[in-house]
Amino acid sequence: MIARMEPLPLPLEGITVIALEQAVAAPFATRQLADLGARVIKIERVDGGDFARGYDTAAHGLASHFVWCNRGKESLALDVKDPRGLDVVRRLVAGADVFVQNLAQGAAARLGLDAATLCAAHPRLIAVDISGYGPSGPYAGKRAYDMLVQCEAGLVSVTGTPEQPVKAGIPVADIAAGMYAFSGVLAALVRRGTTGRGGPVEVSMLDALAEWMGHPLHHAMHDGTPPARTGLAHAVIAPYDAYGTRDGGRVLLSVQNDREWRRLAEQVIGRPELGVDPEFATNAARVRNRERTDSHVAAALGSLEVDDAVARLEGAGIACARLRDVREVAEHPQFAARDRWREVGSPVGPLRALLPPITLPGGDEARMGDVPALGEHTEALLRAVGMTGEEIAALRRDGVAA
């Protein structure tokens with residue numbers, strides 16, 4: 001008889017993270033840690049908390065950014081500029097494994113909460129500084145909001161149409177920095193497991209997004225010209241674009257080689273002679289004659305309903321996708337079939353949320369904790385660091401805690 005194995009615990013069970021964070025980059029990083037089992041204590045301003053709480057009210061009265069990036073955390077509302085508030089932070093850090101901050105450049109250092117200072121005092125601590133442009137250089141002190149960094153990293157220059165550059169529709173610079181901070185913490189935890197020492201981790205939004213710009217950056221550096229902006233079309237492959245259908249839908253397809261083009265010509269366009277016509281038979285020829293290539297594909301798909309177009313393309317072995325809007329993504333059949341939706345608690349009741357992308361089969365499911373109210377855990381956390389009821393009452397009376 002085979003013994004039944006007990007489920008593995010979440011990998012970050014027992015890890016405590018203190019986060020002096022705001023907006024997206026650091027909160028997104030620490031939410032990944034919370035999902036994997038870490039205890040994350042989020043320190044927020046007394047007067048309104050993380051300013052992402054005020055971005056909108058789309059999530060039943062809560063801000064969509066905040067709901068996305070802050071589930072599973074404990075909220076401590078504290079004025080860290082007051083010596084008494086700063087003392088609380090230092091007490092929490094003394095018992096923590098990880099400290100993460102993304103304050104304005106220089107603010108953490110003025111409080112003595114920069115990575116170098118904290119790691120010198122606590123050798124096992126992993127301390128993460130997330131900044132816009134890094135700790136030195138001419139841009140170190142510049143304000144760094146997501147769209148500004150998208151511009152500085154060149155992303156906007158390669159996104160959009162030939163006539164109009166556009167930003168990405170999501171805060172991609174923040175997300176990139178958050179994911180590198182997350183993976184940096186994991187790497188530092190592995191190193192601490194072998195050496196016993198933590199250490200600083202530095203991540204900048206510009207460095208993170210520039211790494212993601214690898215293909216156009218190398219294209220420009222080595223070829224001398226950046227890739228052209230081509231909207232939904234591919235700059236060097238044809239056909240690779242979105243095409244309208246009779247019922248108002250749009251389908252994106254990608255032909256990666258000349259064999260696929262011959263199948264597309266025969267089974268979808270209905271003109272097998274195009275597969276061998278020298279004007280279209282090779283990718284170089286199709287790119288050279290892109291307008292005519294696209295017109296053949298558009299005519300064929302424009303006569304079909306979107307479901308029929310997808311079925312015919314898939315039947316011919318052509319890679320394709322529907323152009324879905326965000327509401328359609330929320331009802332995507334793949335998420336439903338794989339049971340990827342859960343509900344998380346919040347001050348306004350349960351909210352729908354996707355399971356995080358990292359799945360660990362054979363272990364506990366990701367811990368998708370509640371979205372905290374501002375200062376929801378202040379009392380418990382202040383008591384945990386040894387403060388008396390009278391001391392806590394004084395902090396609240398003086399506006400140091402809420």
# chains A, B, ... in the order shown; residues from 1 in each chain; ligands from 1
$ residues_around --residues "A:Asp241" --least-positions-apart "4" --cutoff "8 Å" --atoms "only C-alpha atoms" --output "JSON, numbers by chain"
{"A": [232, 233, 234, 252, 253, 254]}
$ atom_distance --atom1 "atom CA of A:Val98" --atom2 "atom CA of A:Ile18"
6.3 Å
$ atom_distance --atom1 "atom CA of A:Gln32" --atom2 "atom CA of A:Ala187"
14.1 Å
$ residues_around --residues "A:Asp97" --least-positions-apart "4" --cutoff "8 Å" --atoms "only C-alpha atoms" --output "PDB file with N, CA and C atoms, in the first residue's frame"
ATOM      1  N   ILE A  15       8.005  33.133   6.926  1.00  0.00           N
ATOM      2  CA  ILE A  15       8.767  34.321   6.533  1.00  0.00           C
ATOM      3  C   ILE A  15       7.930  35.564   6.831  1.00  0.00           C
ATOM      4  N   THR A  16       8.531  36.539   7.497  1.00  0.00           N
ATOM      5  CA  THR A  16       7.845  37.791   7.807  1.00  0.00           C
ATOM      6  C   THR A  16       8.443  38.931   6.993  1.00  0.00           C
ATOM      7  N   VAL A  17       7.572  39.686   6.353  1.00  0.00           N
ATOM      8  CA  VAL A  17       7.974  40.794   5.486  1.00  0.00           C
ATOM      9  C   VAL A  17       7.384  42.079   6.036  1.00  0.00           C
ATOM     10  N   VAL A  93      11.132  45.416  12.277  1.00  0.00           N
ATOM     11  CA  VAL A  93      12.223  44.968  11.405  1.00  0.00           C
ATOM     12  C   VAL A  93      13.160  44.028  12.148  1.00  0.00           C
ATOM     13  N   ARG A 124      21.012  39.029   9.004  1.00  0.00           N
ATOM     14  CA  ARG A 124      20.161  38.032   8.344  1.00  0.00           C
ATOM     15  C   ARG A 124      19.012  38.659   7.553  1.00  0.00           C
ATOM     16  N   LEU A 125      18.844  39.960   7.674  1.00  0.00           N
ATOM     17  CA  LEU A 125      17.738  40.637   7.009  1.00  0.00           C
ATOM     18  C   LEU A 125      18.010  40.799   5.518  1.00  0.00           C
ATOM     19  N   ILE A 126      16.980  40.587   4.712  1.00  0.00           N
ATOM     20  CA  ILE A 126      17.012  40.905   3.283  1.00  0.00           C
ATOM     21  C   ILE A 126      16.240  42.204   3.122  1.00  0.00           C
TER      22      ILE A 126
END
$ residues_around --residues "A:Leu206" --least-positions-apart "2" --cutoff "8 Å" --atoms "only C-alpha atoms" --output "PyMOL selection string"
chain A and resi 132-134+149+152-153+173+204+208-210
$ write_last_selection --atoms "N, CA and C atoms" --output "JSON list (two decimals), in the first residue's frame"
[["chain", "number", "residue", "atom", "x", "y", "z"],
["A", 132, "GLY", "N", 13.03, 54.43, -8.96],
["A", 132, "GLY", "CA", 12.71, 54.66, -10.36],
["A", 132, "GLY", "C", 13.90, 54.46, -11.27],
["A", 133, "TYR", "N", 15.05, 55.06, -10.89],
["A", 133, "TYR", "CA", 16.20, 55.07, -11.78],
["A", 133, "TYR", "C", 17.48, 54.56, -11.14],
["A", 134, "GLY", "N", 17.42, 54.04, -9.92],
["A", 134, "GLY", "CA", 18.61, 53.57, -9.25],
["A", 134, "GLY", "C", 19.13, 54.60, -8.26],
["A", 149, "VAL", "N", 8.62, 56.27, -16.95],
["A", 149, "VAL", "CA", 9.66, 55.26, -17.17],
["A", 149, "VAL", "C", 9.43, 54.52, -18.48],
["A", 152, "GLU", "N", 11.17, 56.74, -20.86],
["A", 152, "GLU", "CA", 12.63, 56.73, -20.74],
["A", 152, "GLU", "C", 13.23, 55.40, -21.20],
["A", 153, "ALA", "N", 12.48, 54.31, -21.04],
["A", 153, "ALA", "CA", 12.99, 52.99, -21.43],
["A", 153, "ALA", "C", 12.76, 52.69, -22.90],
["A", 173, "ALA", "N", 6.06, 49.20, -16.27],
["A", 173, "ALA", "CA", 7.32, 49.50, -15.57],
["A", 173, "ALA", "C", 7.21, 49.12, -14.09],
["A", 204, "SER", "N", 15.56, 48.85, -9.91],
["A", 204, "SER", "CA", 15.02, 50.10, -10.43],
["A", 204, "SER", "C", 14.02, 49.81, -11.55],
["A", 208, "ALA", "N", 14.57, 47.41, -14.90],
["A", 208, "ALA", "CA", 13.66, 46.29, -15.13],
["A", 208, "ALA", "C", 13.01, 46.38, -16.49],
["A", 209, "LEU", "N", 12.52, 47.56, -16.85],
["A", 209, "LEU", "CA", 11.83, 47.68, -18.13],
["A", 209, "LEU", "C", 12.80, 47.64, -19.30],
["A", 210, "ALA", "N", 13.99, 48.18, -19.11],
["A", 210, "ALA", "CA", 14.99, 48.10, -20.18],
["A", 210, "ALA", "C", 15.35, 46.64, -20.48]]
$ residues_around --residues "A:Gly49" --least-positions-apart "5" --cutoff "8 Å" --atoms "only C-alpha atoms" --output "ChimeraX atom specification"
/A:44,77,374
$ write_last_selection --atoms "N, CA, C and O atoms" --output "CSV table (one decimal), in the first residue's frame"
chain,number,residue,atom,x,y,z
A,44,GLU,N,1.4,51.9,6.4
A,44,GLU,CA,0.7,53.0,5.6
A,44,GLU,C,0.7,54.3,6.3
A,44,GLU,O,0.7,54.3,7.6
A,77,ALA,N,-1.3,51.5,10.3
A,77,ALA,CA,-1.3,52.9,9.9
A,77,ALA,C,-0.4,53.7,10.9
A,77,ALA,O,-0.7,53.7,12.1
A,374,LEU,N,-7.6,50.2,6.0
A,374,LEU,CA,-6.5,51.0,6.5
A,374,LEU,C,-6.5,50.9,8.0
A,374,LEU,O,-7.4,51.2,8.7
$ closest_residue --among "A:Cys69, A:Ala235, A:Gly196, A:Leu155" --to "A:Ala353" --atoms "only C-alpha atoms"
A:Cys69
$ residues_around --residues "A:Thr282" --least-positions-apart "6" --cutoff "12 Å" --atoms "only C-alpha atoms" --output "PyMOL selection string"
chain A and resi 237-239+255-262+274-276+288-290+293
$ write_last_selection --atoms "N, CA, C and O atoms" --output "mmCIF file, in the first residue's frame"
data_model
loop_
_atom_site.group_PDB
_atom_site.id
_atom_site.type_symbol
_atom_site.label_atom_id
_atom_site.label_comp_id
_atom_site.auth_asym_id
_atom_site.auth_seq_id
_atom_site.Cartn_x
_atom_site.Cartn_y
_atom_site.Cartn_z
ATOM 1 N N ILE A 237 7.085 39.961 -39.985
ATOM 2 C CA ILE A 237 6.385 38.738 -40.377
ATOM 3 C C ILE A 237 5.028 39.122 -40.947
ATOM 4 O O ILE A 237 4.340 39.996 -40.410
ATOM 5 N N ALA A 238 4.627 38.460 -42.035
ATOM 6 C CA ALA A 238 3.303 38.689 -42.621
ATOM 7 C C ALA A 238 2.769 37.369 -43.200
ATOM 8 O O ALA A 238 3.545 36.594 -43.766
ATOM 9 N N PRO A 239 1.474 37.117 -43.032
ATOM 10 C CA PRO A 239 0.524 37.908 -42.254
ATOM 11 C C PRO A 239 0.633 37.599 -40.758
ATOM 12 O O PRO A 239 0.725 36.455 -40.360
ATOM 13 N N VAL A 255 1.236 33.663 -39.141
ATOM 14 C CA VAL A 255 1.840 32.682 -40.044
ATOM 15 C C VAL A 255 3.350 32.734 -39.832
ATOM 16 O O VAL A 255 3.983 33.753 -40.110
ATOM 17 N N GLN A 256 3.916 31.657 -39.330
ATOM 18 C CA GLN A 256 5.321 31.652 -38.951
ATOM 19 C C GLN A 256 6.263 31.108 -40.023
ATOM 20 O O GLN A 256 7.470 31.294 -39.929
ATOM 21 N N ASN A 257 5.729 30.424 -41.004
ATOM 22 C CA ASN A 257 6.595 29.869 -42.051
ATOM 23 C C ASN A 257 5.789 29.698 -43.330
ATOM 24 O O ASN A 257 4.557 29.869 -43.346
ATOM 25 N N ASP A 258 6.482 29.351 -44.395
ATOM 26 C CA ASP A 258 5.839 29.299 -45.708
ATOM 27 C C ASP A 258 4.908 28.104 -45.848
ATOM 28 O O ASP A 258 3.946 28.162 -46.635
ATOM 29 N N ARG A 259 5.129 27.032 -45.095
ATOM 30 C CA ARG A 259 4.198 25.897 -45.115
ATOM 31 C C ARG A 259 2.848 26.330 -44.561
ATOM 32 O O ARG A 259 1.793 25.964 -45.100
ATOM 33 N N GLU A 260 2.876 27.104 -43.483
ATOM 34 C CA GLU A 260 1.625 27.594 -42.916
ATOM 35 C C GLU A 260 0.923 28.528 -43.896
ATOM 36 O O GLU A 260 -0.313 28.523 -43.990
ATOM 37 N N TRP A 261 1.683 29.348 -44.593
ATOM 38 C CA TRP A 261 1.059 30.230 -45.590
ATOM 39 C C TRP A 261 0.338 29.414 -46.655
ATOM 40 O O TRP A 261 -0.785 29.769 -47.058
ATOM 41 N N ARG A 262 0.934 28.336 -47.110
ATOM 42 C CA ARG A 262 0.282 27.514 -48.139
ATOM 43 C C ARG A 262 -1.025 26.918 -47.598
ATOM 44 O O ARG A 262 -2.032 26.868 -48.315
ATOM 45 N N LEU A 274 -2.121 31.162 -54.341
ATOM 46 C CA LEU A 274 -1.340 32.164 -53.618
ATOM 47 C C LEU A 274 -0.193 31.528 -52.836
ATOM 48 O O LEU A 274 0.799 32.191 -52.530
ATOM 49 N N GLY A 275 -0.338 30.256 -52.504
ATOM 50 C CA GLY A 275 0.700 29.579 -51.747
ATOM 51 C C GLY A 275 2.003 29.421 -52.505
ATOM 52 O O GLY A 275 3.067 29.282 -51.889
ATOM 53 N N VAL A 276 1.936 29.440 -53.814
ATOM 54 C CA VAL A 276 3.145 29.249 -54.627
ATOM 55 C C VAL A 276 3.452 30.461 -55.499
ATOM 56 O O VAL A 276 4.473 30.484 -56.193
ATOM 57 N N ARG A 288 7.098 42.358 -48.189
ATOM 58 C CA ARG A 288 7.271 43.355 -49.251
ATOM 59 C C ARG A 288 5.914 43.760 -49.847
ATOM 60 O O ARG A 288 5.696 44.911 -50.208
ATOM 61 N N ASN A 289 5.006 42.781 -49.913
ATOM 62 C CA ASN A 289 3.666 43.017 -50.464
ATOM 63 C C ASN A 289 2.622 42.940 -49.348
ATOM 64 O O ASN A 289 1.548 42.368 -49.524
ATOM 65 N N ARG A 290 2.946 43.535 -48.198
ATOM 66 C CA ARG A 290 2.103 43.384 -47.017
ATOM 67 C C ARG A 290 0.655 43.828 -47.274
ATOM 68 O O ARG A 290 -0.290 43.172 -46.836
ATOM 69 N N THR A 293 -1.087 41.186 -49.252
ATOM 70 C CA THR A 293 -1.209 39.984 -48.407
ATOM 71 C C THR A 293 -2.360 40.145 -47.428
ATOM 72 O O THR A 293 -3.231 39.273 -47.303
#
$ residues_around --residues "A:Gly317" --least-positions-apart "2" --cutoff "9 Å" --atoms "only C-alpha atoms" --output "list of chain:residue names"
A:Glu260, A:Arg263, A:Leu264, A:Arg312, A:Leu313, A:Glu314, A:Gly315, A:Ala319
$ select_by_dssp --residues "stretch 82-224 of chain A" --states "strand (DSSP E)" --output "PyMOL selection string"
chain A and resi 98-101+126-131+199-204
$ write_last_selection --atoms "all heavy atoms" --output "compact mmCIF listing (two decimals), in the first residue's frame"
# COMPACT_ATOMS: atom_id res chain seq x y z
N VAL A 98 12.43 40.02 5.87
CA VAL A 98 12.53 40.84 4.65
C VAL A 98 11.94 42.21 4.94
O VAL A 98 10.91 42.34 5.62
CB VAL A 98 11.76 40.19 3.47
CG1 VAL A 98 11.86 41.06 2.22
CG2 VAL A 98 12.27 38.78 3.19
N PHE A 99 12.59 43.25 4.41
CA PHE A 99 12.06 44.61 4.46
C PHE A 99 12.05 45.14 3.03
O PHE A 99 13.04 45.03 2.30
CB PHE A 99 12.91 45.51 5.34
CG PHE A 99 12.44 46.94 5.40
CD1 PHE A 99 11.38 47.31 6.21
CD2 PHE A 99 13.06 47.92 4.63
CE1 PHE A 99 10.94 48.63 6.26
CE2 PHE A 99 12.64 49.24 4.68
CZ PHE A 99 11.56 49.59 5.50
N VAL A 100 10.92 45.71 2.60
CA VAL A 100 10.78 46.23 1.24
C VAL A 100 10.29 47.67 1.32
O VAL A 100 9.34 47.96 2.06
CB VAL A 100 9.77 45.39 0.42
CG1 VAL A 100 9.64 45.96 -1.00
CG2 VAL A 100 10.20 43.93 0.37
N GLN A 101 10.92 48.57 0.55
CA GLN A 101 10.44 49.96 0.52
C GLN A 101 10.59 50.53 -0.89
O GLN A 101 11.52 50.19 -1.62
CB GLN A 101 11.19 50.82 1.53
CG GLN A 101 12.66 51.07 1.25
CD GLN A 101 12.92 52.24 0.32
OE1 GLN A 101 12.06 53.10 0.12
NE2 GLN A 101 14.12 52.27 -0.27
N ILE A 126 16.98 40.59 4.71
CA ILE A 126 17.01 40.90 3.28
C ILE A 126 16.24 42.20 3.12
O ILE A 126 15.05 42.27 3.46
CB ILE A 126 16.37 39.78 2.46
CG1 ILE A 126 17.22 38.51 2.57
CG2 ILE A 126 16.19 40.20 1.00
CD1 ILE A 126 16.48 37.25 2.24
N ALA A 127 16.89 43.25 2.67
CA ALA A 127 16.28 44.57 2.57
C ALA A 127 16.28 45.03 1.12
O ALA A 127 17.33 45.07 0.46
CB ALA A 127 17.03 45.58 3.44
N VAL A 128 15.10 45.37 0.62
CA VAL A 128 14.91 45.69 -0.80
C VAL A 128 14.61 47.16 -0.97
O VAL A 128 13.67 47.69 -0.38
CB VAL A 128 13.75 44.85 -1.39
CG1 VAL A 128 13.64 45.10 -2.89
CG2 VAL A 128 13.93 43.37 -1.09
N ASP A 129 15.42 47.82 -1.79
CA ASP A 129 15.16 49.21 -2.19
C ASP A 129 14.68 49.19 -3.64
O ASP A 129 15.42 48.77 -4.54
CB ASP A 129 16.44 50.04 -2.10
CG ASP A 129 16.86 50.35 -0.67
OD1 ASP A 129 16.01 50.25 0.25
OD2 ASP A 129 18.06 50.68 -0.47
N ILE A 130 13.45 49.65 -3.87
CA ILE A 130 12.92 49.78 -5.22
C ILE A 130 12.87 51.27 -5.55
O ILE A 130 12.30 52.06 -4.81
CB ILE A 130 11.51 49.18 -5.34
CG1 ILE A 130 11.52 47.69 -4.96
CG2 ILE A 130 10.96 49.35 -6.75
CD1 ILE A 130 10.14 47.06 -4.93
N SER A 131 13.48 51.63 -6.67
CA SER A 131 13.52 53.04 -7.06
C SER A 131 13.14 53.18 -8.52
O SER A 131 12.96 52.19 -9.24
CB SER A 131 14.92 53.61 -6.84
OG SER A 131 15.86 52.97 -7.68
N GLY A 199 21.10 40.53 3.17
CA GLY A 199 21.81 41.51 2.35
C GLY A 199 20.85 42.38 1.56
O GLY A 199 19.66 42.10 1.46
N PRO A 200 21.39 43.46 1.00
CA PRO A 200 20.56 44.38 0.23
C PRO A 200 20.17 43.80 -1.13
O PRO A 200 20.90 43.00 -1.72
CB PRO A 200 21.45 45.61 0.04
CG PRO A 200 22.57 45.45 1.02
CD PRO A 200 22.75 43.98 1.18
N VAL A 201 19.01 44.25 -1.62
CA VAL A 201 18.56 43.97 -2.99
C VAL A 201 18.13 45.31 -3.59
O VAL A 201 17.36 46.04 -2.98
CB VAL A 201 17.36 42.99 -3.01
CG1 VAL A 201 16.84 42.81 -4.44
CG2 VAL A 201 17.76 41.65 -2.42
N GLU A 202 18.68 45.64 -4.75
CA GLU A 202 18.32 46.90 -5.41
C GLU A 202 17.62 46.58 -6.73
O GLU A 202 18.09 45.75 -7.51
CB GLU A 202 19.56 47.74 -5.73
CG GLU A 202 20.23 48.35 -4.52
CD GLU A 202 21.45 49.19 -4.91
OE1 GLU A 202 21.74 49.29 -6.13
OE2 GLU A 202 22.10 49.73 -4.00
N VAL A 203 16.50 47.24 -6.98
CA VAL A 203 15.77 47.10 -8.24
C VAL A 203 15.32 48.49 -8.67
O VAL A 203 14.75 49.23 -7.86
CB VAL A 203 14.53 46.19 -8.10
CG1 VAL A 203 13.74 46.16 -9.40
CG2 VAL A 203 14.95 44.78 -7.70
N SER A 204 15.56 48.85 -9.91
CA SER A 204 15.02 50.10 -10.43
C SER A 204 14.02 49.81 -11.55
O SER A 204 14.17 48.83 -12.29
CB SER A 204 16.12 51.03 -10.94
OG SER A 204 16.43 50.78 -12.30
$ atom_distance --atom1 "atom CA of A:Glu273" --atom2 "atom CA of A:Gly248"
28.8 Å
$ closest_residue --among "A:Glu163, A:Ala393, A:Ala121, A:Leu360" --to "A:Thr378" --atoms "only C-alpha atoms"
A:Ala393
$ select_by_dssp --residues "stretch 98-311 of chain A" --states "helix (DSSP H, G or I)" --output "PDB file with C-alpha atoms, in the first residue's frame"
ATOM      1  CA  ALA A 107      13.404  59.231   1.982  1.00  0.00           C
ATOM      2  CA  ALA A 108      14.229  55.794   3.422  1.00  0.00           C
ATOM      3  CA  ALA A 109      17.856  56.788   4.003  1.00  0.00           C
ATOM      4  CA  ARG A 110      16.788  59.889   5.941  1.00  0.00           C
ATOM      5  CA  ALA A 115      18.834  48.606   2.733  1.00  0.00           C
ATOM      6  CA  ALA A 116      22.486  49.295   3.536  1.00  0.00           C
ATOM      7  CA  THR A 117      21.728  50.682   7.007  1.00  0.00           C
ATOM      8  CA  LEU A 118      19.260  47.945   7.928  1.00  0.00           C
ATOM      9  CA  CYS A 119      21.438  45.083   6.699  1.00  0.00           C
ATOM     10  CA  ALA A 120      24.423  46.429   8.638  1.00  0.00           C
ATOM     11  CA  ALA A 121      22.310  46.277  11.808  1.00  0.00           C
ATOM     12  CA  ASP A 146       5.119  54.331 -14.612  1.00  0.00           C
ATOM     13  CA  MET A 147       4.401  56.188 -17.846  1.00  0.00           C
ATOM     14  CA  LEU A 148       7.489  58.367 -17.412  1.00  0.00           C
ATOM     15  CA  VAL A 149       9.662  55.259 -17.169  1.00  0.00           C
ATOM     16  CA  GLN A 150       7.905  53.701 -20.168  1.00  0.00           C
ATOM     17  CA  CYS A 151       9.067  56.763 -22.109  1.00  0.00           C
ATOM     18  CA  GLU A 152      12.625  56.728 -20.743  1.00  0.00           C
ATOM     19  CA  LEU A 155       8.778  51.247 -24.752  1.00  0.00           C
ATOM     20  CA  VAL A 156       6.482  54.011 -25.968  1.00  0.00           C
ATOM     21  CA  SER A 157       8.666  54.502 -29.046  1.00  0.00           C
ATOM     22  CA  VAL A 158       8.009  50.956 -30.293  1.00  0.00           C
ATOM     23  CA  VAL A 172       4.339  47.663 -17.100  1.00  0.00           C
ATOM     24  CA  ALA A 173       7.316  49.497 -15.570  1.00  0.00           C
ATOM     25  CA  ASP A 174       5.848  49.035 -12.096  1.00  0.00           C
ATOM     26  CA  ILE A 175       5.046  45.393 -12.795  1.00  0.00           C
ATOM     27  CA  ALA A 176       8.535  44.693 -14.147  1.00  0.00           C
ATOM     28  CA  ALA A 177      10.173  46.227 -11.077  1.00  0.00           C
ATOM     29  CA  GLY A 178       7.797  44.367  -8.781  1.00  0.00           C
ATOM     30  CA  MET A 179       8.535  41.020 -10.355  1.00  0.00           C
ATOM     31  CA  TYR A 180      12.313  41.536 -10.188  1.00  0.00           C
ATOM     32  CA  ALA A 181      11.978  42.579  -6.536  1.00  0.00           C
ATOM     33  CA  PHE A 182       9.950  39.417  -5.896  1.00  0.00           C
ATOM     34  CA  SER A 183      12.486  37.152  -7.602  1.00  0.00           C
ATOM     35  CA  GLY A 184      15.340  39.055  -5.931  1.00  0.00           C
ATOM     36  CA  VAL A 185      13.854  38.276  -2.513  1.00  0.00           C
ATOM     37  CA  LEU A 186      13.515  34.595  -3.412  1.00  0.00           C
ATOM     38  CA  ALA A 187      17.129  34.460  -4.611  1.00  0.00           C
ATOM     39  CA  ALA A 188      18.338  36.222  -1.451  1.00  0.00           C
ATOM     40  CA  LEU A 189      16.379  33.780   0.727  1.00  0.00           C
ATOM     41  CA  VAL A 190      18.103  30.873  -1.025  1.00  0.00           C
ATOM     42  CA  ARG A 191      21.490  32.517  -0.459  1.00  0.00           C
ATOM     43  CA  ARG A 192      20.661  33.139   3.192  1.00  0.00           C
ATOM     44  CA  GLY A 193      19.796  29.463   3.526  1.00  0.00           C
ATOM     45  CA  THR A 194      23.333  28.517   2.486  1.00  0.00           C
ATOM     46  CA  THR A 195      25.342  31.389   4.006  1.00  0.00           C
ATOM     47  CA  MET A 205      12.024  50.504 -12.708  1.00  0.00           C
ATOM     48  CA  LEU A 206      14.249  51.691 -15.564  1.00  0.00           C
ATOM     49  CA  ASP A 207      16.598  48.697 -15.284  1.00  0.00           C
ATOM     50  CA  ALA A 208      13.660  46.289 -15.127  1.00  0.00           C
ATOM     51  CA  LEU A 209      11.826  47.681 -18.131  1.00  0.00           C
ATOM     52  CA  ALA A 210      14.994  48.099 -20.182  1.00  0.00           C
ATOM     53  CA  GLU A 211      15.607  44.369 -19.694  1.00  0.00           C
ATOM     54  CA  TRP A 212      12.158  43.666 -21.101  1.00  0.00           C
ATOM     55  CA  GLY A 214      15.701  43.316 -25.060  1.00  0.00           C
ATOM     56  CA  HIS A 215      14.555  42.554 -28.618  1.00  0.00           C
ATOM     57  CA  PRO A 216      14.063  46.131 -29.899  1.00  0.00           C
ATOM     58  CA  LEU A 217      17.080  47.327 -27.925  1.00  0.00           C
ATOM     59  CA  HIS A 218      19.410  44.757 -29.472  1.00  0.00           C
ATOM     60  CA  HIS A 219      17.831  45.327 -32.877  1.00  0.00           C
ATOM     61  CA  ALA A 220      18.595  49.042 -32.656  1.00  0.00           C
ATOM     62  CA  MET A 221      22.083  48.643 -31.157  1.00  0.00           C
ATOM     63  CA  HIS A 222      23.304  46.080 -33.658  1.00  0.00           C
ATOM     64  CA  ASP A 223      21.321  46.862 -36.804  1.00  0.00           C
ATOM     65  CA  ASP A 258       5.839  29.299 -45.708  1.00  0.00           C
ATOM     66  CA  ARG A 259       4.198  25.897 -45.115  1.00  0.00           C
ATOM     67  CA  GLU A 260       1.625  27.594 -42.916  1.00  0.00           C
ATOM     68  CA  TRP A 261       1.059  30.230 -45.590  1.00  0.00           C
ATOM     69  CA  ARG A 262       0.282  27.514 -48.139  1.00  0.00           C
ATOM     70  CA  ARG A 263      -2.250  25.963 -45.739  1.00  0.00           C
ATOM     71  CA  LEU A 264      -3.801  29.365 -45.067  1.00  0.00           C
ATOM     72  CA  ALA A 265      -4.085  30.081 -48.786  1.00  0.00           C
ATOM     73  CA  GLU A 266      -5.685  26.719 -49.520  1.00  0.00           C
ATOM     74  CA  GLN A 267      -7.924  26.078 -46.500  1.00  0.00           C
ATOM     75  CA  VAL A 268      -8.914  29.571 -45.319  1.00  0.00           C
ATOM     76  CA  ILE A 269      -8.486  32.043 -48.145  1.00  0.00           C
ATOM     77  CA  PRO A 272      -4.264  27.695 -53.210  1.00  0.00           C
ATOM     78  CA  GLU A 273      -2.380  29.409 -56.037  1.00  0.00           C
ATOM     79  CA  LEU A 274      -1.340  32.164 -53.618  1.00  0.00           C
ATOM     80  CA  GLY A 275       0.700  29.579 -51.747  1.00  0.00           C
ATOM     81  CA  ASN A 283       7.791  35.662 -45.864  1.00  0.00           C
ATOM     82  CA  ALA A 284      10.124  38.249 -47.406  1.00  0.00           C
ATOM     83  CA  ALA A 285       7.768  38.525 -50.389  1.00  0.00           C
ATOM     84  CA  ARG A 286       4.701  38.779 -48.173  1.00  0.00           C
ATOM     85  CA  VAL A 287       6.281  41.530 -46.084  1.00  0.00           C
ATOM     86  CA  ARG A 288       7.271  43.355 -49.251  1.00  0.00           C
ATOM     87  CA  ARG A 290       2.103  43.384 -47.017  1.00  0.00           C
ATOM     88  CA  GLU A 291      -0.895  45.448 -48.153  1.00  0.00           C
ATOM     89  CA  ARG A 292      -1.918  42.882 -50.785  1.00  0.00           C
ATOM     90  CA  THR A 293      -1.209  39.984 -48.407  1.00  0.00           C
ATOM     91  CA  ASP A 294      -3.424  41.529 -45.747  1.00  0.00           C
ATOM     92  CA  SER A 295      -6.191  42.245 -48.236  1.00  0.00           C
ATOM     93  CA  HIS A 296      -6.436  38.552 -49.170  1.00  0.00           C
ATOM     94  CA  VAL A 297      -6.629  37.487 -45.534  1.00  0.00           C
ATOM     95  CA  ALA A 298      -9.052  40.268 -44.614  1.00  0.00           C
ATOM     96  CA  ALA A 299     -11.421  39.370 -47.426  1.00  0.00           C
ATOM     97  CA  ALA A 300     -11.538  35.734 -46.375  1.00  0.00           C
ATOM     98  CA  LEU A 301     -12.061  36.363 -42.647  1.00  0.00           C
ATOM     99  CA  GLY A 302     -14.427  39.273 -43.269  1.00  0.00           C
ATOM    100  CA  VAL A 306     -15.749  35.131 -35.475  1.00  0.00           C
ATOM    101  CA  ASP A 307     -16.438  31.575 -34.221  1.00  0.00           C
ATOM    102  CA  ASP A 308     -16.273  30.213 -37.772  1.00  0.00           C
ATOM    103  CA  ALA A 309     -13.080  32.146 -38.500  1.00  0.00           C
ATOM    104  CA  VAL A 310     -11.348  30.722 -35.413  1.00  0.00           C
ATOM    105  CA  ALA A 311     -12.560  27.197 -36.223  1.00  0.00           C
TER     106      ALA A 311
END
